[in-house]
$ cat work.pdb   # PDB, C-alpha atoms and all ligand atoms
ATOM      1  CA  MET A1011      98.796 -41.109   7.341  1.00  0.00           C
ATOM      2  CA  SER A1012      97.803 -42.705  10.640  1.00  0.00           C
ATOM      3  CA  SER A1013      97.597 -39.201  12.152  1.00  0.00           C
ATOM      4  CA  ILE A1014      94.550 -38.610   9.890  1.00  0.00           C
ATOM      5  CA  ILE A1015      93.021 -42.072  10.125  1.00  0.00           C
ATOM      6  CA  ILE A1016      92.859 -42.207  13.934  1.00  0.00           C
ATOM      7  CA  PRO A1017      90.780 -39.002  14.396  1.00  0.00           C
ATOM      8  CA  VAL A1018      88.542 -39.929  11.439  1.00  0.00           C
ATOM      9  CA  VAL A1019      87.860 -43.384  12.875  1.00  0.00           C
ATOM     10  CA  GLY A1020      87.330 -41.783  16.304  1.00  0.00           C
ATOM     11  CA  PHE A1021      84.766 -39.301  14.962  1.00  0.00           C
ATOM     12  CA  ALA A1022      82.983 -42.040  13.025  1.00  0.00           C
ATOM     13  CA  PHE A1023      82.785 -44.197  16.164  1.00  0.00           C
ATOM     14  CA  VAL A1024      81.403 -41.368  18.298  1.00  0.00           C
ATOM     15  CA  GLY A1025      78.922 -40.574  15.499  1.00  0.00           C
ATOM     16  CA  LEU A1026      77.710 -44.176  15.429  1.00  0.00           C
ATOM     17  CA  LEU A1027      77.317 -44.221  19.210  1.00  0.00           C
ATOM     18  CA  TRP A1028      75.375 -40.976  19.020  1.00  0.00           C
ATOM     19  CA  LEU A1029      73.148 -42.361  16.278  1.00  0.00           C
ATOM     20  CA  PHE A1030      72.476 -45.503  18.329  1.00  0.00           C
ATOM     21  CA  PHE A1031      71.727 -43.904  21.681  1.00  0.00           C
ATOM     22  CA  ARG A1032      70.156 -40.646  20.460  1.00  0.00           C
ATOM     23  CA  PRO A1033      68.569 -41.404  17.106  1.00  0.00           C
ATOM     24  CA  PRO A1034      67.862 -38.034  15.455  1.00  0.00           C
ATOM     25  CA  PHE A1035      64.478 -39.055  14.032  1.00  0.00           C
ATOM     26  CA  GLY A1036      61.084 -40.173  15.268  1.00  0.00           C
ATOM     27  CA  LYS A1037      58.922 -38.521  17.917  1.00  0.00           C
ATOM     28  CA  ASN A1038      59.936 -38.596  21.560  1.00  0.00           C
ATOM     29  CA  ILE A1039      57.737 -36.693  24.005  1.00  0.00           C
ATOM     30  CA  ILE A1040      59.313 -35.663  27.264  1.00  0.00           C
ATOM     31  CA  ARG A1041      56.776 -33.097  28.506  1.00  0.00           C
ATOM     32  CA  ILE A1042      53.537 -31.283  27.729  1.00  0.00           C
ATOM     33  CA  ASN A1043      53.871 -28.029  25.840  1.00  0.00           C
ATOM     34  CA  THR A1044      52.174 -25.613  28.210  1.00  0.00           C
ATOM     35  CA  ASP A1045      52.886 -22.890  30.704  1.00  0.00           C
ATOM     36  CA  GLN A1046      49.776 -23.877  32.652  1.00  0.00           C
ATOM     37  CA  ARG A1047      50.008 -25.838  35.864  1.00  0.00           C
ATOM     38  CA  ILE A1048      49.290 -29.207  34.289  1.00  0.00           C
ATOM     39  CA  VAL A1049      51.093 -32.485  34.989  1.00  0.00           C
ATOM     40  CA  ALA A1050      50.678 -36.097  33.875  1.00  0.00           C
ATOM     41  CA  LEU A1051      51.211 -38.903  36.381  1.00  0.00           C
ATOM     42  CA  THR A1052      52.400 -42.073  34.638  1.00  0.00           C
ATOM     43  CA  TYR A1053      52.864 -45.520  36.214  1.00  0.00           C
ATOM     44  CA  ASP A1054      55.013 -48.264  34.674  1.00  0.00           C
ATOM     45  CA  ASP A1055      55.435 -52.041  35.026  1.00  0.00           C
ATOM     46  CA  GLY A1056      51.949 -53.040  36.195  1.00  0.00           C
ATOM     47  CA  PRO A1057      49.398 -54.407  36.556  1.00  0.00           C
ATOM     48  CA  ASN A1058      50.622 -55.499  39.981  1.00  0.00           C
ATOM     49  CA  PRO A1059      47.839 -56.419  42.398  1.00  0.00           C
ATOM     50  CA  PRO A1060      47.197 -55.581  45.158  1.00  0.00           C
ATOM     51  CA  TYR A1061      49.336 -52.442  44.753  1.00  0.00           C
ATOM     52  CA  THR A1062      47.753 -51.242  41.524  1.00  0.00           C
ATOM     53  CA  GLU A1063      44.344 -51.486  43.213  1.00  0.00           C
ATOM     54  CA  ARG A1064      45.576 -49.550  46.256  1.00  0.00           C
ATOM     55  CA  LEU A1065      46.983 -46.909  43.929  1.00  0.00           C
ATOM     56  CA  LEU A1066      43.635 -46.729  42.115  1.00  0.00           C
ATOM     57  CA  ASP A1067      41.964 -46.111  45.492  1.00  0.00           C
ATOM     58  CA  VAL A1068      44.299 -43.150  46.112  1.00  0.00           C
ATOM     59  CA  LEU A1069      43.719 -41.708  42.633  1.00  0.00           C
ATOM     60  CA  ALA A1070      39.940 -42.121  43.063  1.00  0.00           C
ATOM     61  CA  LYS A1071      40.034 -40.372  46.445  1.00  0.00           C
ATOM     62  CA  HIS A1072      41.562 -37.323  44.728  1.00  0.00           C
ATOM     63  CA  ASN A1073      39.554 -37.710  41.519  1.00  0.00           C
ATOM     64  CA  VAL A1074      42.800 -37.777  39.536  1.00  0.00           C
ATOM     65  CA  LYS A1075      43.261 -39.637  36.241  1.00  0.00           C
ATOM     66  CA  ALA A1076      46.628 -41.124  35.290  1.00  0.00           C
ATOM     67  CA  THR A1077      48.325 -43.139  32.536  1.00  0.00           C
ATOM     68  CA  PHE A1078      49.462 -46.737  33.120  1.00  0.00           C
ATOM     69  CA  PHE A1079      52.187 -48.243  30.906  1.00  0.00           C
ATOM     70  CA  MET A1080      51.536 -51.974  31.276  1.00  0.00           C
ATOM     71  CA  ILE A1081      53.662 -55.045  30.536  1.00  0.00           C
ATOM     72  CA  GLY A1082      51.967 -57.608  28.276  1.00  0.00           C
ATOM     73  CA  ASN A1083      52.655 -60.744  30.304  1.00  0.00           C
ATOM     74  CA  ARG A1084      51.221 -59.010  33.397  1.00  0.00           C
ATOM     75  CA  ILE A1085      48.129 -57.982  31.455  1.00  0.00           C
ATOM     76  CA  GLU A1086      47.607 -61.693  30.723  1.00  0.00           C
ATOM     77  CA  LYS A1087      47.957 -62.574  34.418  1.00  0.00           C
ATOM     78  CA  HIS A1088      45.789 -59.817  35.877  1.00  0.00           C
ATOM     79  CA  PRO A1089      42.891 -59.056  33.528  1.00  0.00           C
ATOM     80  CA  GLU A1090      40.650 -57.959  36.420  1.00  0.00           C
ATOM     81  CA  THR A1091      43.123 -55.204  37.329  1.00  0.00           C
ATOM     82  CA  VAL A1092      43.284 -54.020  33.718  1.00  0.00           C
ATOM     83  CA  SER A1093      39.485 -53.885  33.609  1.00  0.00           C
ATOM     84  CA  ARG A1094      39.343 -51.800  36.762  1.00  0.00           C
ATOM     85  CA  VAL A1095      41.945 -49.328  35.417  1.00  0.00           C
ATOM     86  CA  ILE A1096      39.789 -48.902  32.300  1.00  0.00           C
ATOM     87  CA  ALA A1097      36.507 -48.696  34.248  1.00  0.00           C
ATOM     88  CA  GLU A1098      37.959 -45.872  36.335  1.00  0.00           C
ATOM     89  CA  GLU A1099      38.840 -43.987  33.137  1.00  0.00           C
ATOM     90  CA  HIS A1100      42.606 -44.048  33.352  1.00  0.00           C
ATOM     91  CA  GLN A1101      44.646 -44.352  30.192  1.00  0.00           C
ATOM     92  CA  ILE A1102      46.632 -47.498  29.369  1.00  0.00           C
ATOM     93  CA  GLY A1103      49.806 -47.553  27.294  1.00  0.00           C
ATOM     94  CA  ASN A1104      52.066 -50.282  25.935  1.00  0.00           C
ATOM     95  CA  HIS A1105      55.286 -51.040  27.864  1.00  0.00           C
ATOM     96  CA  SER A1106      56.404 -54.079  25.808  1.00  0.00           C
ATOM     97  CA  TYR A1107      55.472 -57.732  26.383  1.00  0.00           C
ATOM     98  CA  SER A1108      58.181 -58.930  28.790  1.00  0.00           C
ATOM     99  CA  HIS A1109      60.169 -55.776  29.630  1.00  0.00           C
ATOM    100  CA  PRO A1110      63.531 -56.613  28.021  1.00  0.00           C
ATOM    101  CA  LEU A1111      66.173 -53.965  27.354  1.00  0.00           C
ATOM    102  CA  LEU A1112      64.346 -53.252  24.136  1.00  0.00           C
ATOM    103  CA  GLY A1113      66.879 -50.765  22.809  1.00  0.00           C
ATOM    104  CA  PHE A1114      69.487 -53.513  22.429  1.00  0.00           C
ATOM    105  CA  LEU A1115      67.289 -55.972  20.513  1.00  0.00           C
ATOM    106  CA  PRO A1116      67.054 -56.296  16.720  1.00  0.00           C
ATOM    107  CA  PRO A1117      64.082 -54.517  15.104  1.00  0.00           C
ATOM    108  CA  PHE A1118      62.038 -57.686  14.484  1.00  0.00           C
ATOM    109  CA  CYS A1119      62.173 -58.527  18.237  1.00  0.00           C
ATOM    110  CA  VAL A1120      61.246 -54.941  19.133  1.00  0.00           C
ATOM    111  CA  ARG A1121      58.271 -55.106  16.766  1.00  0.00           C
ATOM    112  CA  ARG A1122      57.151 -58.452  18.221  1.00  0.00           C
ATOM    113  CA  GLN A1123      57.371 -57.122  21.798  1.00  0.00           C
ATOM    114  CA  ILE A1124      55.208 -54.130  20.885  1.00  0.00           C
ATOM    115  CA  GLU A1125      52.709 -56.046  18.759  1.00  0.00           C
ATOM    116  CA  ARG A1126      52.054 -58.773  21.349  1.00  0.00           C
ATOM    117  CA  THR A1127      50.995 -56.144  23.874  1.00  0.00           C
ATOM    118  CA  ASP A1128      49.082 -54.186  21.226  1.00  0.00           C
ATOM    119  CA  ASP A1129      47.079 -57.366  20.545  1.00  0.00           C
ATOM    120  CA  LEU A1130      46.341 -57.848  24.248  1.00  0.00           C
ATOM    121  CA  LEU A1131      45.278 -54.230  24.700  1.00  0.00           C
ATOM    122  CA  GLN A1132      43.052 -54.475  21.663  1.00  0.00           C
ATOM    123  CA  GLN A1133      41.001 -57.109  23.511  1.00  0.00           C
ATOM    124  CA  TYR A1134      40.130 -54.308  25.940  1.00  0.00           C
ATOM    125  CA  GLY A1135      39.148 -51.962  23.135  1.00  0.00           C
ATOM    126  CA  ILE A1136      42.394 -50.000  23.212  1.00  0.00           C
ATOM    127  CA  ALA A1137      43.553 -48.826  19.782  1.00  0.00           C
ATOM    128  CA  LYS A1138      46.626 -50.388  18.190  1.00  0.00           C
ATOM    129  CA  ASP A1139      48.420 -47.072  18.147  1.00  0.00           C
ATOM    130  CA  SER A1140      48.122 -46.528  21.894  1.00  0.00           C
ATOM    131  CA  VAL A1141      50.906 -44.643  23.613  1.00  0.00           C
ATOM    132  CA  PHE A1142      54.171 -46.541  23.984  1.00  0.00           C
ATOM    133  CA  ARG A1143      57.073 -46.286  26.408  1.00  0.00           C
ATOM    134  CA  ALA A1144      60.180 -48.473  26.073  1.00  0.00           C
ATOM    135  CA  PRO A1145      61.370 -50.344  29.182  1.00  0.00           C
ATOM    136  CA  MET A1146      63.952 -48.236  31.006  1.00  0.00           C
ATOM    137  CA  LEU A1147      63.241 -45.558  28.399  1.00  0.00           C
ATOM    138  CA  THR A1148      65.711 -47.190  26.001  1.00  0.00           C
ATOM    139  CA  ARG A1149      64.557 -45.411  22.873  1.00  0.00           C
ATOM    140  CA  PHE A1150      67.718 -46.462  21.085  1.00  0.00           C
ATOM    141  CA  LEU A1151      68.128 -46.952  17.351  1.00  0.00           C
ATOM    142  CA  PRO A1152      66.153 -50.242  16.896  1.00  0.00           C
ATOM    143  CA  VAL A1153      63.233 -48.868  18.954  1.00  0.00           C
ATOM    144  CA  ALA A1154      63.230 -45.474  17.239  1.00  0.00           C
ATOM    145  CA  TYR A1155      63.357 -47.201  13.840  1.00  0.00           C
ATOM    146  CA  VAL A1156      60.392 -49.510  14.545  1.00  0.00           C
ATOM    147  CA  LEU A1157      58.313 -46.679  16.052  1.00  0.00           C
ATOM    148  CA  ALA A1158      59.113 -44.281  13.199  1.00  0.00           C
ATOM    149  CA  LYS A1159      58.118 -46.936  10.658  1.00  0.00           C
ATOM    150  CA  GLY A1160      54.782 -47.282  12.425  1.00  0.00           C
ATOM    151  CA  ASP A1161      54.442 -43.473  12.745  1.00  0.00           C
ATOM    152  CA  ARG A1162      54.237 -43.932  16.460  1.00  0.00           C
ATOM    153  CA  THR A1163      55.400 -41.681  19.278  1.00  0.00           C
ATOM    154  CA  HIS A1164      57.581 -42.659  22.226  1.00  0.00           C
ATOM    155  CA  ILE A1165      56.513 -41.251  25.586  1.00  0.00           C
ATOM    156  CA  SER A1166      59.441 -40.370  27.790  1.00  0.00           C
ATOM    157  CA  CYS A1167      59.340 -38.103  30.856  1.00  0.00           C
ATOM    158  CA  ASN A1168      61.049 -35.094  32.378  1.00  0.00           C
ATOM    159  CA  VAL A1169      60.527 -36.018  36.046  1.00  0.00           C
ATOM    160  CA  TRP A1170      62.140 -39.231  37.303  1.00  0.00           C
ATOM    161  CA  SER A1171      60.848 -40.344  40.704  1.00  0.00           C
ATOM    162  CA  TRP A1172      63.662 -42.884  41.196  1.00  0.00           C
ATOM    163  CA  ASP A1173      61.033 -45.067  42.935  1.00  0.00           C
ATOM    164  CA  TRP A1174      62.644 -48.148  41.409  1.00  0.00           C
ATOM    165  CA  THR A1175      65.636 -47.544  43.706  1.00  0.00           C
ATOM    166  CA  THR A1176      63.730 -46.717  46.906  1.00  0.00           C
ATOM    167  CA  GLN A1177      60.299 -47.215  48.433  1.00  0.00           C
ATOM    168  CA  ASN A1178      60.844 -44.487  51.012  1.00  0.00           C
ATOM    169  CA  PRO A1179      57.796 -42.233  50.481  1.00  0.00           C
ATOM    170  CA  ASP A1180      59.643 -39.162  51.815  1.00  0.00           C
ATOM    171  CA  LYS A1181      62.410 -39.551  49.241  1.00  0.00           C
ATOM    172  CA  ILE A1182      60.053 -40.247  46.333  1.00  0.00           C
ATOM    173  CA  THR A1183      57.830 -37.277  47.213  1.00  0.00           C
ATOM    174  CA  GLU A1184      60.774 -34.925  47.651  1.00  0.00           C
ATOM    175  CA  THR A1185      62.393 -35.980  44.370  1.00  0.00           C
ATOM    176  CA  VAL A1186      59.189 -35.547  42.366  1.00  0.00           C
ATOM    177  CA  LEU A1187      58.104 -32.258  43.938  1.00  0.00           C
ATOM    178  CA  LYS A1188      61.554 -30.675  43.671  1.00  0.00           C
ATOM    179  CA  LYS A1189      61.656 -31.216  39.911  1.00  0.00           C
ATOM    180  CA  THR A1190      57.960 -30.617  39.232  1.00  0.00           C
ATOM    181  CA  LEU A1191      57.746 -27.376  41.204  1.00  0.00           C
ATOM    182  CA  SER A1192      60.883 -25.953  39.599  1.00  0.00           C
ATOM    183  CA  SER A1193      60.573 -23.281  36.937  1.00  0.00           C
ATOM    184  CA  THR A1194      60.389 -25.980  34.264  1.00  0.00           C
ATOM    185  CA  GLY A1195      57.732 -27.969  36.114  1.00  0.00           C
ATOM    186  CA  ALA A1196      54.623 -26.927  34.160  1.00  0.00           C
ATOM    187  CA  GLY A1197      53.664 -29.694  31.765  1.00  0.00           C
ATOM    188  CA  SER A1198      55.766 -32.301  33.527  1.00  0.00           C
ATOM    189  CA  ILE A1199      55.402 -35.974  32.689  1.00  0.00           C
ATOM    190  CA  ILE A1200      56.201 -37.802  35.930  1.00  0.00           C
ATOM    191  CA  VAL A1201      57.298 -41.453  35.899  1.00  0.00           C
ATOM    192  CA  LEU A1202      56.406 -43.668  38.873  1.00  0.00           C
ATOM    193  CA  HIS A1203      56.005 -47.456  39.182  1.00  0.00           C
ATOM    194  CA  ASP A1204      53.020 -49.510  40.358  1.00  0.00           C
ATOM    195  CA  GLY A1205      55.046 -52.640  39.541  1.00  0.00           C
ATOM    196  CA  LYS A1206      58.659 -53.661  39.231  1.00  0.00           C
ATOM    197  CA  ALA A1207      59.766 -55.463  36.106  1.00  0.00           C
ATOM    198  CA  GLU A1208      62.241 -57.854  37.715  1.00  0.00           C
ATOM    199  CA  ASN A1209      60.026 -58.699  40.706  1.00  0.00           C
ATOM    200  CA  LYS A1210      56.448 -59.787  40.142  1.00  0.00           C
ATOM    201  CA  ASP A1211      55.622 -59.466  43.857  1.00  0.00           C
ATOM    202  CA  ALA A1212      57.201 -56.050  44.377  1.00  0.00           C
ATOM    203  CA  ASN A1213      55.785 -54.046  47.266  1.00  0.00           C
ATOM    204  CA  ARG A1214      54.895 -50.572  45.995  1.00  0.00           C
ATOM    205  CA  SER A1215      53.560 -49.104  49.253  1.00  0.00           C
ATOM    206  CA  GLY A1216      56.110 -46.276  49.130  1.00  0.00           C
ATOM    207  CA  THR A1217      55.014 -45.172  45.674  1.00  0.00           C
ATOM    208  CA  ILE A1218      51.352 -45.295  46.729  1.00  0.00           C
ATOM    209  CA  GLU A1219      51.964 -43.181  49.855  1.00  0.00           C
ATOM    210  CA  ALA A1220      54.128 -40.784  47.834  1.00  0.00           C
ATOM    211  CA  THR A1221      51.376 -40.448  45.221  1.00  0.00           C
ATOM    212  CA  ASP A1222      48.943 -39.317  47.920  1.00  0.00           C
ATOM    213  CA  ARG A1223      51.412 -36.679  49.148  1.00  0.00           C
ATOM    214  CA  ILE A1224      52.437 -35.549  45.648  1.00  0.00           C
ATOM    215  CA  ILE A1225      48.806 -35.006  44.628  1.00  0.00           C
ATOM    216  CA  ASN A1226      48.049 -33.081  47.826  1.00  0.00           C
ATOM    217  CA  ALA A1227      51.082 -30.826  47.396  1.00  0.00           C
ATOM    218  CA  LEU A1228      50.560 -30.154  43.687  1.00  0.00           C
ATOM    219  CA  LYS A1229      46.830 -29.500  44.144  1.00  0.00           C
ATOM    220  CA  ARG A1230      47.664 -26.982  46.862  1.00  0.00           C
ATOM    221  CA  ASP A1231      49.877 -25.268  44.310  1.00  0.00           C
ATOM    222  CA  GLY A1232      47.070 -25.145  41.742  1.00  0.00           C
ATOM    223  CA  TYR A1233      48.177 -28.021  39.510  1.00  0.00           C
ATOM    224  CA  ARG A1234      45.742 -30.103  37.445  1.00  0.00           C
ATOM    225  CA  PHE A1235      46.324 -33.730  36.522  1.00  0.00           C
ATOM    226  CA  VAL A1236      45.800 -35.054  33.009  1.00  0.00           C
ATOM    227  CA  ARG A1237      46.067 -38.260  31.045  1.00  0.00           C
ATOM    228  CA  LEU A1238      48.305 -38.108  28.006  1.00  0.00           C
ATOM    229  CA  SER A1239      45.242 -38.535  25.800  1.00  0.00           C
ATOM    230  CA  ASP A1240      43.797 -35.325  27.295  1.00  0.00           C
ATOM    231  CA  VAL A1241      46.677 -33.265  25.958  1.00  0.00           C
ATOM    232  CA  ARG A1242      47.558 -35.003  22.725  1.00  0.00           C
ATOM    233  CA  ARG A1243      47.659 -31.773  20.791  1.00  0.00           C
ATOM    234  CA  MET A1244      49.659 -30.007  23.493  1.00  0.00           C
ATOM    235  CA  ALA A1245      52.394 -32.611  23.677  1.00  0.00           C
ATOM    236  CA  ILE A1246      55.678 -31.544  22.191  1.00  0.00           C
ATOM    237  CA  SER A1247      58.135 -33.779  20.449  1.00  0.00           C
ATOM    238  CA  LYS A1248      61.706 -33.663  21.554  1.00  0.00           C
ATOM    239  CA  ARG A1249      64.619 -35.848  20.739  1.00  0.00           C
ATOM    240  CA  ASP A1250      65.963 -35.699  24.242  1.00  0.00           C
TER     241      ASP A1250
HETATM  242 ZN    ZN A1301      59.425 -50.405  33.025  1.00  0.00          ZN
END
$ encode --input "work.pdb" --output "structure tokens"
Amino acid sequence: MSSIIIPVVGFAFVGLLWLFFRPPFGKNIIRINTDQRIVALTYDDGPNPPYTERLLDVLAKHNVKATFFMIGNRIEKHPETVSRVIAEEHQIGNHSYSHPLLGFLPPFCVRRQIERTDDLLQQYGIAKDSVFRAPMLTRFLPVAYVLAKGDRTHISCNVWSWDWTTQNPDKITETVLKKTLSSTGAGSIIVLHDGKAENKDANRSGTIEATDRIINALKRDGYRFVRLSDVRRMAISKRD
């Protein structure tokens, strides 16, 4: 009897893990559905002055628009930075209120984290259903459930810069360009960081320098830069 029970329990356990970490419902966008040379630069964990401002200077120099996934408690602290991001026509998304490991929290906490930042963004005229990205991209079961209930999409990425592990601009640039310029690069959503969740004074000089180089290299290769709102209809939903 136990020879049947053990594999059954094993399969059930693996199934539950799969359901938790890769919920097979809800919308999860990892890239833009296009074969054109289009990419979206996205920046997480800000606003983080003076680095966000320095990054805005670089983006303005190249006339490139990006998407910023901001943390609610930083929005409260740095309203002038938020206003400048909006004035310069970048897009702002919701990145929770205090950047917890959202995927491991119960649904009511997940909802509260999202709604608090929604309310803050609304004060800047940003719609309640603005784009959302979970901290550390933990779109696990509680997050997927809350988003699906609100008919809301999670924005993931297909190009990881790994700039949360290094501020060496050479390494960040190389990592991003290698993946973006590969055969699957068209339509890439690139994740970078103008802040760092666990350090409110994080120096992001490496990311800013890398952004300058990444834009130069991709422009040379004929790439255009878009905000996620520019390509809403072109964005594909994937579960992975
Ligand atoms: Zn984050």
$ residues_near_point --input "work.pdb" --point "(63.2, -34.3, 44.2)" --cutoff "12 Å" --atoms "all atoms listed in the file" --output "ChimeraX atom specification"
/A:1169-1173,1179-1192,1195,1200,1220,1224
$ write_last_selection --input "work.pdb" --atoms "C-alpha atoms" --output "CSV table (one decimal), keeping the file's coordinate frame"
chain,number,residue,atom,x,y,z
A,1169,VAL,CA,60.5,-36.0,36.0
A,1170,TRP,CA,62.1,-39.2,37.3
A,1171,SER,CA,60.8,-40.3,40.7
A,1172,TRP,CA,63.7,-42.9,41.2
A,1173,ASP,CA,61.0,-45.1,42.9
A,1179,PRO,CA,57.8,-42.2,50.5
A,1180,ASP,CA,59.6,-39.2,51.8
A,1181,LYS,CA,62.4,-39.6,49.2
A,1182,ILE,CA,60.1,-40.2,46.3
A,1183,THR,CA,57.8,-37.3,47.2
A,1184,GLU,CA,60.8,-34.9,47.7
A,1185,THR,CA,62.4,-36.0,44.4
A,1186,VAL,CA,59.2,-35.5,42.4
A,1187,LEU,CA,58.1,-32.3,43.9
A,1188,LYS,CA,61.6,-30.7,43.7
A,1189,LYS,CA,61.7,-31.2,39.9
A,1190,THR,CA,58.0,-30.6,39.2
A,1191,LEU,CA,57.7,-27.4,41.2
A,1192,SER,CA,60.9,-26.0,39.6
A,1195,GLY,CA,57.7,-28.0,36.1
A,1200,ILE,CA,56.2,-37.8,35.9
A,1220,ALA,CA,54.1,-40.8,47.8
A,1224,ILE,CA,52.4,-35.5,45.6
$ residues_near_ligand --input "work.pdb" --ligand "ligand ZN 1301 (chain A)" --cutoff "10 Å" --atoms "only C-alpha atoms and all ligand atoms" --output "NGL selection string"
:A and (1053-1056 or 1079-1081 or 1105-1106 or 1108-1111 or 1143-1148 or 1174 or 1201-1208)
$ residues_around --input "work.pdb" --residues "Ser1166 in chain A" --least-positions-apart "4" --cutoff "8 Å" --atoms "all atoms listed in the file" --output "list in words"
Asn1038, Ile1039, Ile1040, Arg1041, Arg1143, Leu1147 and Ile1199 of chain A
$ atom_distance --input "work.pdb" --atom1 "CA of Gly1036 in chain A" --atom2 "CA of Ala1158 in chain A"
5.0 Å
$ resolve_selection --input "work.pdb" --expression "the PyMOL selection byres (((chain A and resi 1153) around 7) and not hetatm)" --output "MDAnalysis selection string"
chainID A and resid 1112:1113 1117 1120 1149:1152 1154:1157
$ build_atoms --input "work.pdb" --residues "range 1107-1128 of chain A" --atoms "N, CA and C atoms" --output "mmCIF file, in the frame of the given file"
data_model
loop_
_atom_site.group_PDB
_atom_site.id
_atom_site.type_symbol
_atom_site.label_atom_id
_atom_site.label_comp_id
_atom_site.auth_asym_id
_atom_site.auth_seq_id
_atom_site.Cartn_x
_atom_site.Cartn_y
_atom_site.Cartn_z
ATOM 1 N N TYR A 1107 56.113 -56.494 25.911
ATOM 2 C CA TYR A 1107 55.472 -57.732 26.383
ATOM 3 C C TYR A 1107 56.149 -58.308 27.630
ATOM 4 N N SER A 1108 57.497 -58.308 27.645
ATOM 5 C CA SER A 1108 58.181 -58.930 28.790
ATOM 6 C C SER A 1108 59.269 -58.053 29.398
ATOM 7 N N HIS A 1109 59.268 -56.766 29.026
ATOM 8 C CA HIS A 1109 60.169 -55.776 29.630
ATOM 9 C C HIS A 1109 61.655 -56.105 29.454
ATOM 10 N N PRO A 1110 62.090 -56.459 28.246
ATOM 11 C CA PRO A 1110 63.531 -56.613 28.021
ATOM 12 C C PRO A 1110 64.164 -55.240 27.800
ATOM 13 N N LEU A 1111 65.493 -55.216 27.737
ATOM 14 C CA LEU A 1111 66.173 -53.965 27.354
ATOM 15 C C LEU A 1111 65.971 -53.792 25.850
ATOM 16 N N LEU A 1112 64.822 -53.270 25.516
ATOM 17 C CA LEU A 1112 64.346 -53.252 24.136
ATOM 18 C C LEU A 1112 65.326 -52.576 23.173
ATOM 19 N N GLY A 1113 65.985 -51.538 23.664
ATOM 20 C CA GLY A 1113 66.879 -50.765 22.809
ATOM 21 C C GLY A 1113 68.060 -51.551 22.275
ATOM 22 N N PHE A 1114 68.348 -52.706 22.875
ATOM 23 C CA PHE A 1114 69.487 -53.513 22.429
ATOM 24 C C PHE A 1114 69.059 -54.734 21.614
ATOM 25 N N LEU A 1115 67.783 -54.828 21.298
ATOM 26 C CA LEU A 1115 67.289 -55.972 20.513
ATOM 27 C C LEU A 1115 67.183 -55.600 19.036
ATOM 28 N N PRO A 1116 67.238 -56.602 18.143
ATOM 29 C CA PRO A 1116 67.054 -56.296 16.720
ATOM 30 C C PRO A 1116 65.618 -55.859 16.461
ATOM 31 N N PRO A 1117 65.407 -55.083 15.371
ATOM 32 C CA PRO A 1117 64.082 -54.517 15.104
ATOM 33 C C PRO A 1117 62.946 -55.531 15.091
ATOM 34 N N PHE A 1118 63.176 -56.755 14.548
ATOM 35 C CA PHE A 1118 62.038 -57.686 14.484
ATOM 36 C C PHE A 1118 61.598 -58.118 15.891
ATOM 37 N N CYS A 1119 62.547 -58.199 16.844
ATOM 38 C CA CYS A 1119 62.173 -58.527 18.237
ATOM 39 C C CYS A 1119 61.437 -57.351 18.878
ATOM 40 N N VAL A 1120 61.904 -56.133 18.587
ATOM 41 C CA VAL A 1120 61.246 -54.941 19.133
ATOM 42 C C VAL A 1120 59.792 -54.907 18.659
ATOM 43 N N ARG A 1121 59.622 -55.147 17.339
ATOM 44 C CA ARG A 1121 58.271 -55.106 16.766
ATOM 45 C C ARG A 1121 57.380 -56.152 17.417
ATOM 46 N N ARG A 1122 57.928 -57.355 17.622
ATOM 47 C CA ARG A 1122 57.151 -58.452 18.221
ATOM 48 C C ARG A 1122 56.729 -58.099 19.655
ATOM 49 N N GLN A 1123 57.667 -57.524 20.413
ATOM 50 C CA GLN A 1123 57.371 -57.122 21.798
ATOM 51 C C GLN A 1123 56.233 -56.101 21.843
ATOM 52 N N ILE A 1124 56.245 -55.179 20.910
ATOM 53 C CA ILE A 1124 55.208 -54.130 20.885
ATOM 54 C C ILE A 1124 53.878 -54.717 20.410
ATOM 55 N N GLU A 1125 53.953 -55.523 19.349
ATOM 56 C CA GLU A 1125 52.709 -56.046 18.759
ATOM 57 C C GLU A 1125 51.978 -57.008 19.685
ATOM 58 N N ARG A 1126 52.721 -57.825 20.428
ATOM 59 C CA ARG A 1126 52.054 -58.773 21.349
ATOM 60 C C ARG A 1126 51.215 -58.017 22.372
ATOM 61 N N THR A 1127 51.758 -56.930 22.883
ATOM 62 C CA THR A 1127 50.995 -56.144 23.874
ATOM 63 C C THR A 1127 49.896 -55.329 23.197
ATOM 64 N N ASP A 1128 50.155 -54.846 21.999
ATOM 65 C CA ASP A 1128 49.082 -54.186 21.226
ATOM 66 C C ASP A 1128 47.878 -55.114 21.094
#
